[in-house]
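Student: Just so it is clear, I am handing over work32.txt, which has compact mmCIF, C-alpha atoms and all ligand atoms.
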```
# COMPACT_ATOMS: atom_id res chain seq x y z
CA MET A 209 41.02 68.92 62.54
CA PRO A 210 37.55 69.69 63.98
CA SER A 211 34.97 70.68 61.40
CA LEU A 212 34.73 74.37 60.61
CA LEU A 213 31.24 74.61 62.11
CA SER A 214 29.84 72.25 64.70
CA PHE A 215 26.77 72.05 66.93
CA SER A 216 27.47 73.00 70.52
CA PRO A 217 24.95 73.18 73.39
CA GLN A 218 24.75 76.92 72.64
CA GLY A 219 24.19 76.62 68.90
CA ILE A 220 26.15 76.49 65.66
CA TYR A 221 29.78 77.04 66.62
CA CYS A 222 32.98 77.98 64.80
CA GLU A 223 35.71 76.87 67.18
CA GLN A 224 38.57 78.36 65.17
CA ALA A 225 37.05 81.85 65.54
CA GLY A 226 35.21 81.36 68.84
CA VAL A 227 31.98 82.53 67.20
CA HIS A 228 28.42 81.15 67.42
CA ILE A 229 25.73 81.63 64.80
CA ASP A 230 22.24 82.36 66.23
CA PRO A 231 23.10 80.95 69.68
CA TRP A 232 20.12 80.19 71.92
CA ARG A 233 22.12 80.93 75.07
CA GLY A 234 24.47 83.78 75.89
CA VAL A 235 27.97 83.44 74.38
CA ASP A 236 31.01 85.67 73.90
CA ARG A 237 30.59 86.38 70.17
CA ALA A 238 27.45 85.80 68.12
CA ILE A 239 26.61 86.31 64.47
CA ILE A 240 22.85 86.75 64.01
CA THR A 241 21.12 85.75 60.77
CA HIS A 242 17.91 87.72 61.40
CA ALA A 243 15.88 89.37 64.13
CA HIS A 244 13.15 86.75 64.74
CA SER A 245 13.13 85.84 68.41
CA ASP A 246 14.16 82.22 67.92
CA HIS A 247 17.38 83.33 66.17
CA ALA A 248 18.22 86.66 67.83
CA ARG A 249 18.49 86.24 71.57
CA GLY A 250 19.91 88.47 74.24
CA GLY A 251 22.63 87.60 76.73
CA SER A 252 25.69 87.50 74.46
CA ARG A 253 28.63 89.86 74.88
CA HIS A 254 29.30 90.87 71.26
CA TYR A 255 27.08 90.59 68.20
CA LEU A 256 27.64 90.87 64.48
CA ALA A 257 24.61 91.40 62.21
CA HIS A 258 23.17 93.25 59.22
CA PRO A 259 22.43 96.94 60.03
CA THR A 260 18.66 96.36 59.81
CA THR A 261 18.91 93.39 62.16
CA LYS A 262 20.89 95.57 64.55
CA GLN A 263 18.09 98.15 64.74
CA LEU A 264 15.45 95.45 65.10
CA MET A 265 17.41 93.77 67.90
CA HIS A 266 17.77 97.07 69.73
CA ALA A 267 14.00 97.52 69.52
CA ARG A 268 13.10 93.94 70.42
CA ILE A 269 15.78 92.97 72.95
CA GLY A 270 17.49 96.08 74.29
CA LYS A 271 19.32 99.29 73.52
CA ASP A 272 22.45 98.18 75.37
CA LEU A 273 23.41 95.25 73.11
CA ASP A 274 26.88 95.57 71.61
CA ILE A 275 26.27 94.99 67.88
CA GLU A 276 28.78 95.46 65.08
CA THR A 277 27.41 95.48 61.56
CA LEU A 278 28.35 94.01 58.19
CA TRP A 279 26.73 94.87 54.87
CA PRO A 280 25.91 92.01 52.48
CA GLY A 281 29.05 90.80 50.74
CA GLN A 282 31.39 92.69 53.08
CA ALA A 283 33.78 90.35 54.89
CA GLY A 284 35.20 90.35 58.40
CA THR A 285 38.02 88.11 59.61
CA ILE A 286 38.36 86.60 63.08
CA ASN A 287 41.43 84.50 63.84
CA GLY A 288 41.93 83.67 60.16
CA VAL A 289 38.29 82.79 59.54
CA LYS A 290 36.51 84.95 56.98
CA PHE A 291 32.83 85.71 57.65
CA SER A 292 30.39 87.39 55.29
CA LEU A 293 26.62 87.88 55.06
CA HIS A 294 24.49 87.14 52.00
CA PRO A 295 20.76 87.83 51.57
CA ALA A 296 18.44 85.02 52.68
CA GLY A 297 15.21 86.61 51.36
CA HIS A 298 13.27 85.67 54.52
CA ILE A 299 12.54 89.07 56.15
CA PRO A 300 14.23 92.50 55.92
CA GLY A 301 17.86 92.16 57.04
CA SER A 302 17.85 88.35 56.98
CA MET A 303 21.21 86.96 55.92
CA GLN A 304 22.96 83.65 55.32
CA VAL A 305 26.38 83.40 56.96
CA ARG A 306 29.29 82.34 54.77
CA VAL A 307 32.32 81.03 56.67
CA GLU A 308 35.65 80.41 54.96
CA TYR A 309 38.86 79.01 56.40
CA LYS A 310 41.87 77.70 54.47
CA GLY A 311 39.83 77.24 51.28
CA GLU A 312 36.94 75.45 52.96
CA VAL A 313 33.54 77.16 52.73
CA TRP A 314 30.43 76.58 54.84
CA VAL A 315 27.14 78.44 54.64
CA ALA A 316 24.53 78.58 57.43
CA THR A 317 21.21 79.91 56.15
CA GLY A 318 19.13 80.88 59.13
CA ASP A 319 15.63 81.00 57.61
CA HIS A 320 15.35 81.57 53.89
CA LYS A 321 13.04 81.83 50.92
CA ARG A 322 13.84 82.22 47.25
CA ARG A 323 10.69 84.00 46.18
CA LYS A 324 10.91 87.80 46.12
CA ASP A 325 8.55 89.41 48.61
CA GLY A 326 9.12 93.10 47.84
CA ILE A 327 10.51 93.91 51.29
CA SER A 328 13.51 91.59 51.85
CA GLU A 329 16.82 91.66 49.99
CA PRO A 330 16.36 88.86 47.40
CA TYR A 331 17.85 85.44 48.21
CA GLU A 332 21.36 84.98 46.86
CA PRO A 333 22.68 81.45 46.18
CA VAL A 334 26.17 81.04 47.68
CA ARG A 335 28.55 78.30 46.58
CA CYS A 336 29.95 76.21 49.42
CA HIS A 337 31.24 72.79 50.41
CA THR A 338 28.86 72.32 53.33
CA PHE A 339 25.40 73.87 53.51
CA ILE A 340 23.52 74.15 56.80
CA THR A 341 19.92 74.79 55.84
CA GLU A 342 16.67 75.22 57.69
CA CYS A 343 13.84 72.99 56.48
CA THR A 344 10.84 74.33 58.40
CA PHE A 345 8.60 73.20 55.53
CA GLY A 346 10.77 70.28 54.39
CA LEU A 347 7.96 67.93 53.42
CA PRO A 348 6.84 67.28 49.81
CA ILE A 349 3.28 68.45 50.68
CA TYR A 350 4.50 72.03 51.06
CA ARG A 351 4.34 73.78 47.69
CA TRP A 352 3.40 77.42 47.81
CA LYS A 353 1.04 79.03 45.32
CA ASP A 354 2.04 82.26 43.62
CA PRO A 355 1.82 84.95 46.35
CA ALA A 356 -0.01 87.24 43.88
CA SER A 357 -2.96 84.81 43.89
CA ILE A 358 -2.85 84.63 47.72
CA PHE A 359 -3.07 88.42 47.86
CA GLU A 360 -6.07 88.30 45.51
CA ASP A 361 -7.71 85.97 48.03
CA ILE A 362 -6.86 88.26 50.95
CA ASN A 363 -8.21 91.29 49.07
CA ALA A 364 -11.41 89.44 48.12
CA TRP A 365 -11.97 88.46 51.77
CA TRP A 366 -11.36 92.03 52.94
CA ARG A 367 -13.55 93.53 50.18
CA THR A 368 -16.49 91.27 51.03
CA ASN A 369 -16.17 91.99 54.75
CA ALA A 370 -15.90 95.73 54.12
CA ALA A 371 -19.02 95.70 51.94
CA ASN A 372 -20.89 94.10 54.85
CA GLY A 373 -19.54 96.44 57.50
CA VAL A 374 -17.43 93.65 59.00
CA CYS A 375 -13.89 94.41 60.16
CA SER A 376 -11.17 92.11 58.74
CA VAL A 377 -8.74 91.02 61.46
CA LEU A 378 -5.66 89.34 60.03
CA SER A 379 -3.13 87.60 62.23
CA ALA A 380 0.43 87.93 60.95
CA TYR A 381 3.87 87.69 62.55
CA SER A 382 4.71 91.28 63.57
CA LEU A 383 8.15 91.23 61.92
CA GLY A 384 8.24 90.37 58.24
CA LYS A 385 4.81 88.92 57.53
CA ALA A 386 2.93 92.00 58.72
CA GLN A 387 4.93 94.32 56.43
CA ARG A 388 4.66 91.90 53.52
CA VAL A 389 0.88 91.89 53.92
CA LEU A 390 0.84 95.66 54.20
CA CYS A 391 2.71 95.95 50.89
CA GLY A 392 0.61 93.31 49.12
CA VAL A 393 -2.99 94.32 49.89
CA ASP A 394 -5.17 96.75 47.93
CA PRO A 395 -5.32 100.03 49.92
CA SER A 396 -8.36 101.25 47.95
CA ILE A 397 -10.59 98.86 49.93
CA GLY A 398 -10.22 100.70 53.22
CA PRO A 399 -7.80 101.80 55.94
CA VAL A 400 -5.03 99.47 57.16
CA LEU A 401 -4.87 99.60 60.96
CA VAL A 402 -2.15 97.86 62.98
CA HIS A 403 -1.51 96.61 66.50
CA GLY A 404 1.21 98.34 68.53
CA ALA A 405 3.60 95.39 68.09
CA VAL A 406 3.30 95.74 64.30
CA ALA A 407 3.57 99.54 64.51
CA ASN A 408 6.87 99.20 66.41
CA MET A 409 8.36 96.97 63.73
CA ASN A 410 7.02 99.22 60.94
CA THR A 411 8.67 102.24 62.55
CA VAL A 412 12.05 100.54 62.93
CA LEU A 413 11.98 99.22 59.36
CA GLU A 414 10.97 102.61 57.96
CA GLY A 415 13.91 104.05 59.89
CA CYS A 416 16.11 101.54 58.04
CA GLY A 417 14.84 102.81 54.70
CA LEU A 418 11.98 100.41 53.96
CA ARG A 419 9.11 102.20 52.20
CA LEU A 420 5.72 101.05 53.42
CA PRO A 421 2.25 102.03 52.19
CA ARG A 422 -0.01 104.03 54.56
CA TRP A 423 -0.72 102.41 57.91
CA GLU A 424 -2.26 103.63 61.12
CA GLN A 425 -1.68 102.44 64.67
CA ILE A 426 -4.79 101.51 66.63
CA THR A 427 -5.15 103.53 69.82
CA ALA A 428 -7.80 104.01 72.49
CA ASP A 429 -9.00 106.98 70.42
CA THR A 430 -9.52 105.07 67.18
CA PRO A 431 -13.28 105.53 66.58
CA LYS A 432 -15.40 102.38 66.30
CA GLU A 433 -16.62 103.39 62.81
CA ARG A 434 -13.05 103.42 61.57
CA PHE A 435 -12.99 99.61 61.83
CA ARG A 436 -16.02 98.95 59.65
CA ASN A 437 -14.15 98.66 56.33
CA ALA A 438 -10.68 98.29 57.84
CA LEU A 439 -8.04 95.61 57.60
CA VAL A 440 -6.45 95.11 61.03
CA ILE A 441 -2.99 93.50 61.04
CA THR A 442 -2.14 92.06 64.44
CA PRO A 443 -0.27 89.26 66.20
CA GLY A 444 -2.76 86.43 66.73
CA SER A 445 -2.49 86.72 70.50
CA ALA A 446 -4.51 89.95 70.58
CA ILE A 447 -7.51 88.40 68.81
CA GLY A 448 -10.39 87.65 71.16
CA THR A 449 -8.96 89.79 73.97
CA PRO A 450 -10.69 93.03 75.05
CA TRP A 451 -8.48 94.76 72.48
CA THR A 452 -10.68 93.45 69.63
CA ASN A 453 -14.04 94.30 71.30
CA LYS A 454 -14.28 97.60 69.48
CA MET A 455 -13.83 95.87 66.13
CA ARG A 456 -17.04 93.81 66.41
CA PRO A 457 -18.42 92.50 64.15
CA TYR A 458 -15.22 91.10 62.74
CA SER A 459 -13.91 88.18 60.73
CA THR A 460 -10.56 86.56 61.56
CA ALA A 461 -7.85 85.08 59.37
CA MET A 462 -4.17 84.22 59.54
CA ALA A 463 -1.42 84.51 56.92
CA SER A 464 1.13 81.72 57.40
CA GLY A 465 2.61 78.67 55.74
CA TRP A 466 1.00 76.62 58.52
CA MET A 467 -2.41 77.49 57.12
CA GLN A 468 -1.84 74.67 54.65
CA LEU A 469 -2.68 72.38 57.56
CA ARG A 470 -6.35 72.48 58.43
CA GLY A 471 -5.77 71.71 62.09
CA TRP A 472 -4.00 75.02 62.57
CA ARG A 473 -7.00 77.00 61.46
CA ARG A 474 -9.21 75.17 63.91
CA ARG A 475 -6.77 75.48 66.77
CA GLY A 476 -6.44 79.21 66.23
CA ASN A 477 -10.25 79.63 66.10
CA LEU A 478 -9.92 81.42 62.79
CA ASP A 479 -12.62 82.01 60.20
CA THR A 480 -10.18 81.58 57.34
CA GLY A 481 -6.49 81.09 56.54
CA PHE A 482 -4.13 82.26 53.80
CA VAL A 483 -1.10 80.16 52.92
CA LEU A 484 1.58 82.84 52.79
CA SER A 485 5.01 81.80 54.02
CA ASP A 486 8.38 83.48 54.42
CA HIS A 487 10.12 80.10 54.24
CA ALA A 488 11.18 77.98 51.27
CA ASP A 489 8.73 75.24 50.28
CA TRP A 490 9.89 71.73 49.31
CA PRO A 491 10.91 72.47 45.67
CA ALA A 492 12.65 75.71 46.75
CA LEU A 493 14.61 73.91 49.46
CA LEU A 494 15.85 71.37 46.91
CA GLN A 495 16.75 74.12 44.46
CA ALA A 496 18.63 76.01 47.17
CA VAL A 497 20.62 72.89 48.01
CA GLU A 498 21.45 72.23 44.38
CA GLU A 499 22.59 75.79 43.66
CA THR A 500 25.16 75.81 46.45
CA GLY A 501 27.06 72.99 44.74
CA ALA A 502 27.59 71.57 48.24
CA GLU A 503 28.19 67.87 48.72
CA ARG A 504 27.43 67.86 52.39
CA ILE A 505 24.11 69.13 53.72
CA ILE A 506 23.12 69.61 57.33
CA ALA A 507 19.38 70.01 57.88
CA THR A 508 18.29 71.96 60.96
CA HIS A 509 15.04 73.41 62.19
CA GLY A 510 11.91 71.68 60.85
CA TYR A 511 11.36 68.33 59.16
CA THR A 512 15.07 67.54 59.35
CA ASP A 513 14.75 63.74 59.27
CA VAL A 514 12.50 63.54 56.20
CA PHE A 515 14.48 66.19 54.36
CA SER A 516 17.94 64.75 55.08
CA GLN A 517 16.74 61.24 54.28
CA TYR A 518 15.43 62.39 50.94
CA LEU A 519 18.74 64.14 50.18
CA ARG A 520 20.64 60.96 50.99
CA SER A 521 18.37 59.03 48.63
CA ILE A 522 19.42 61.30 45.77
CA GLY A 523 23.11 61.03 46.56
CA TYR A 524 23.95 63.79 49.03
CA ASP A 525 25.94 63.32 52.20
CA ALA A 526 23.15 64.69 54.40
CA VAL A 527 22.49 64.65 58.14
CA ALA A 528 19.93 66.13 60.52
CA GLU A 529 20.96 68.24 63.49
CA SER A 530 18.47 69.33 66.08
CA THR A 531 18.43 72.93 67.21
CA GLU A 532 16.31 74.91 69.57
CA PHE A 533 14.90 77.18 66.88
CA ALA A 534 11.12 77.28 66.94
CA GLY A 535 10.68 77.86 63.22
CA GLU A 536 7.72 79.80 61.98
CA GLY A 537 6.11 78.28 65.04
CA GLY A 538 7.85 81.27 66.61
CA GLU A 539 4.48 82.76 65.81
CA LEU A 540 3.17 80.78 68.73
CA GLU A 541 5.85 82.15 70.98
CA GLU A 542 4.89 85.64 69.86
CA ARG A 543 1.23 84.82 70.52
CA GLN A 544 2.06 84.25 74.15
CA LYS A 545 4.23 87.33 74.49
CA THR A 546 1.84 89.79 72.91
CA GLN A 547 -1.00 88.35 74.89
CA ASP A 548 0.81 89.55 77.99
CA GLU A 549 1.47 92.93 76.38
CA SER A 550 -2.10 93.48 75.27
CA HIS A 551 -3.39 92.61 78.72
CA LYS A 552 -1.06 95.18 80.19
CA GLY A 553 -1.80 97.97 77.76
CA GLN A 554 -5.44 97.24 77.02
CA GLY A 555 -6.80 99.36 74.22
CA ARG A 556 -3.64 101.41 74.15
CA SER A 557 -1.39 98.98 72.30
ZN ZN A 601 12.71 83.64 60.90
ZN ZN A 602 13.53 80.39 62.34
```
Please express what this file holds, its structure, as structure tokens.
Tutor:
Amino acid sequence: MPSLLSFSPQGIYCEQAGVHIDPWRGVDRAIITHAHSDHARGGSRHYLAHPTTKQLMHARIGKDLDIETLWPGQAGTINGVKFSLHPAGHIPGSMQVRVEYKGEVWVATGDHKRRKDGISEPYEPVRCHTFITECTFGLPIYRWKDPASIFEDINAWWRTNAANGVCSVLSAYSLGKAQRVLCGVDPSIGPVLVHGAVANMNTVLEGCGLRLPRWEQITADTPKERFRNALVITPGSAIGTPWTNKMRPYSTAMASGWMQLRGWRRRGNLDTGFVLSDHADWPALLQAVEETGAERIIATHGYTDVFSQYLRSIGYDAVAESTEFAGEGGELEERQKTQDESHKGQGRS
């Protein structure tokens, strides 16, 4: 019997049901873990996803996608295979996919994090026999600090800038990270202004019931003085383009797990960096593995070799599988895309 899930050229595949999970090419039926662009791609005939992911996909990919929805814990059966979604804690709507057939259970995580972020449905451990997990930050050097202390750092940076009449321009992934930042900062310091790409995601998520603190979209009419004590949340691609001219003088920063690596800060030409990730760090990855009770682990997406090797050394049957997911490096992909957008809609976006 072929294994319940396998890795096809299109992605993670359940042959018995004819369903792919997060395929990177068009397929007949796709289950989508979450709406980040490296997991949710267009071109497939039928989709199954969480209702929030459905709305995000319509906004990001196209209105005409055929998307059925499942709520967390609700099960659907295709050709005898039972599928259900369980919160992954990564961004709003992000789900792990549980697949059960004849008593055998597999779970594919998509991206996940265990720490509550105030905007995503909290991560739920799911028991299984085989666990397919991302390991974007699957190296022992990645250990996140308490996000509350990171937000203190962000607020201190913003407060100092504001006191000096310097605008604070913070680069954050437009879906997930931007809203998490919005919810975590101290609004008494000044106004929170956002790029059009962030505003679009805010609007969709608010439509799905997410409550966000006050935010304001930057337009051509936003007066220059408005930026003096403001926090601007934007995809990194817009920084340094004509779009940021009006914000001068400004200080730049990025909120990402990659900020733990100094090279990233330099490459992005940033004044400062905040280590704030929506992925599990090394201890959280190990805890996630342990809690599933799984004997067999498949590491995808990230430091798969190091992570699977470590798991083997502590007694797991673990392998690495390569995928075409870009990880939180999807931020880079977004950089490119929004750069094009901001050139098109200069000052307007
Ligand atoms: Zn993601
Ligand atoms: Zn990813």
Student: In terms of the shortest atom-to-atom distance over all atoms listed in the file, which of A:Ala356, A:Ile397, A:Ala463, A:Leu213 is closest to A:Tyr381?
Tutor: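 Looking at the shortest contact to A:Tyr381, the residue is A:Ala463.
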Student: Could you list, as a PyMOL selection string, every residue within 9 Å of A:Glu342, counting only C-alpha atoms and ignoring same-chain residues fewer than 3 positions away?
Tutor: chain A and resi 316-320+345-346+487-488+493+506-512+535
Student: Could you give me, as a VMD selection string, the residues that have an atom at most 10 Å away from the point (3.7, 90.8, 58.0) in the coordinates of the file, using all atoms listed in the file?
Tutor: chain A and resid 299 378 to 392 406 409 to 410 441 to 443 463 to 464 484 to 486
Student: Keeping C-alpha atoms for every residue in the selection just given, could you write it to a file as a PDB file, keeping the file's coordinate frame?
Tutor:
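Everything below was put into result.pdb:
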```pdb
ATOM      1  CA  ILE A 299      12.540  89.070  56.150  1.00  0.00           C
ATOM      2  CA  LEU A 378      -5.660  89.340  60.030  1.00  0.00           C
ATOM      3  CA  SER A 379      -3.130  87.600  62.230  1.00  0.00           C
ATOM      4  CA  ALA A 380       0.430  87.930  60.950  1.00  0.00           C
ATOM      5  CA  TYR A 381       3.870  87.690  62.550  1.00  0.00           C
ATOM      6  CA  SER A 382       4.710  91.280  63.570  1.00  0.00           C
ATOM      7  CA  LEU A 383       8.150  91.230  61.920  1.00  0.00           C
ATOM      8  CA  GLY A 384       8.240  90.370  58.240  1.00  0.00           C
ATOM      9  CA  LYS A 385       4.810  88.920  57.530  1.00  0.00           C
ATOM     10  CA  ALA A 386       2.930  92.000  58.720  1.00  0.00           C
ATOM     11  CA  GLN A 387       4.930  94.320  56.430  1.00  0.00           C
ATOM     12  CA  ARG A 388       4.660  91.900  53.520  1.00  0.00           C
ATOM     13  CA  VAL A 389       0.880  91.890  53.920  1.00  0.00           C
ATOM     14  CA  LEU A 390       0.840  95.660  54.200  1.00  0.00           C
ATOM     15  CA  CYS A 391       2.710  95.950  50.890  1.00  0.00           C
ATOM     16  CA  GLY A 392       0.610  93.310  49.120  1.00  0.00           C
ATOM     17  CA  VAL A 406       3.300  95.740  64.300  1.00  0.00           C
ATOM     18  CA  MET A 409       8.360  96.970  63.730  1.00  0.00           C
ATOM     19  CA  ASN A 410       7.020  99.220  60.940  1.00  0.00           C
ATOM     20  CA  ILE A 441      -2.990  93.500  61.040  1.00  0.00           C
ATOM     21  CA  THR A 442      -2.140  92.060  64.440  1.00  0.00           C
ATOM     22  CA  PRO A 443      -0.270  89.260  66.200  1.00  0.00           C
ATOM     23  CA  ALA A 463      -1.420  84.510  56.920  1.00  0.00           C
ATOM     24  CA  SER A 464       1.130  81.720  57.400  1.00  0.00           C
ATOM     25  CA  LEU A 484       1.580  82.840  52.790  1.00  0.00           C
ATOM     26  CA  SER A 485       5.010  81.800  54.020  1.00  0.00           C
ATOM     27  CA  ASP A 486       8.380  83.480  54.420  1.00  0.00           C
TER      28      ASP A 486
END
```
Student: Compute the distance from (23.3, 79.7, 68.6) to each atom, counting all atoms listed in the file, keep the residues with any atom at most 9 Å away, and return them as an MDAnalysis selection string; use the coordinates of the file.
Tutor: chainID A and resid 215:221 228:235 238:240 247:249 531:533
Student: Counting only C-alpha atoms and all ligand atoms, which of A:Ala461, A:Leu293, A:Met303, A:Leu212 gets nearest to ligand ZN 601 (chain A)?
Tutor: A:Met303
Student: Which of these residues is nearest to ligand ZN 601 (chain A), using only C-alpha atoms and all ligand atoms: A:Gly250, A:Gly297, A:Gly288, A:Gly415?
Tutor: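 Comparing A:Gly250, A:Gly297, A:Gly288, A:Gly415 against ligand ZN 601 (chain A), the winner is A:Gly297.
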Student: I'd like a table as JSON lines: residues in stretch 290-335 of chain A with an atom no more than 12 Å from stretch 256-276 of chain A, each row giving the shortest atom pair and its distance in Å to one decimal, all atoms listed in the file counted, sorted by chain and rising residue number.
Tutor:
```
{"residue": "A:Phe291", "atom": "CA", "partner": "A:Leu256", "partner_atom": "CA", "distance": 10.0}
{"residue": "A:Ser292", "atom": "CA", "partner": "A:Ala257", "partner_atom": "CA", "distance": 9.9}
{"residue": "A:Leu293", "atom": "CA", "partner": "A:His258", "partner_atom": "CA", "distance": 7.6}
{"residue": "A:His294", "atom": "CA", "partner": "A:His258", "partner_atom": "CA", "distance": 9.6}
{"residue": "A:Pro295", "atom": "CA", "partner": "A:His258", "partner_atom": "CA", "distance": 9.7}
{"residue": "A:Ala296", "atom": "CA", "partner": "A:His258", "partner_atom": "CA", "distance": 11.5}
{"residue": "A:Ile299", "atom": "CA", "partner": "A:Thr261", "partner_atom": "CA", "distance": 9.8}
{"residue": "A:Pro300", "atom": "CA", "partner": "A:Thr260", "partner_atom": "CA", "distance": 7.0}
{"residue": "A:Gly301", "atom": "CA", "partner": "A:Thr260", "partner_atom": "CA", "distance": 5.1}
{"residue": "A:Ser302", "atom": "CA", "partner": "A:Thr261", "partner_atom": "CA", "distance": 7.3}
{"residue": "A:Met303", "atom": "CA", "partner": "A:His258", "partner_atom": "CA", "distance": 7.4}
{"residue": "A:Gln304", "atom": "CA", "partner": "A:His258", "partner_atom": "CA", "distance": 10.4}
{"residue": "A:Val305", "atom": "CA", "partner": "A:Ala257", "partner_atom": "CA", "distance": 9.7}
{"residue": "A:Ser328", "atom": "CA", "partner": "A:Thr260", "partner_atom": "CA", "distance": 10.6}
{"residue": "A:Glu329", "atom": "CA", "partner": "A:Thr260", "partner_atom": "CA", "distance": 11.0}
```
Student: Between atom CA of A:Ser445 and atom CA of A:Asn477, what distance in Å does the model show, to one decimal?
Tutor: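 We find that atom CA of A:Ser445 and atom CA of A:Asn477 lie 11.4 Å from each other.
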Student: Work out how far atom CA of A:Ala492 is from atom CA of A:Cys416, in Å to one decimal.
Tutor: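 Computed distance, atom CA of A:Cys416 to atom CA of A:Ala492, equals 28.4 Å.
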Student: Find the distance between atom CA of A:Trp352 and atom CA of A:Phe515 and write it in Å to one decimal.
Tutor: 17.1 Å
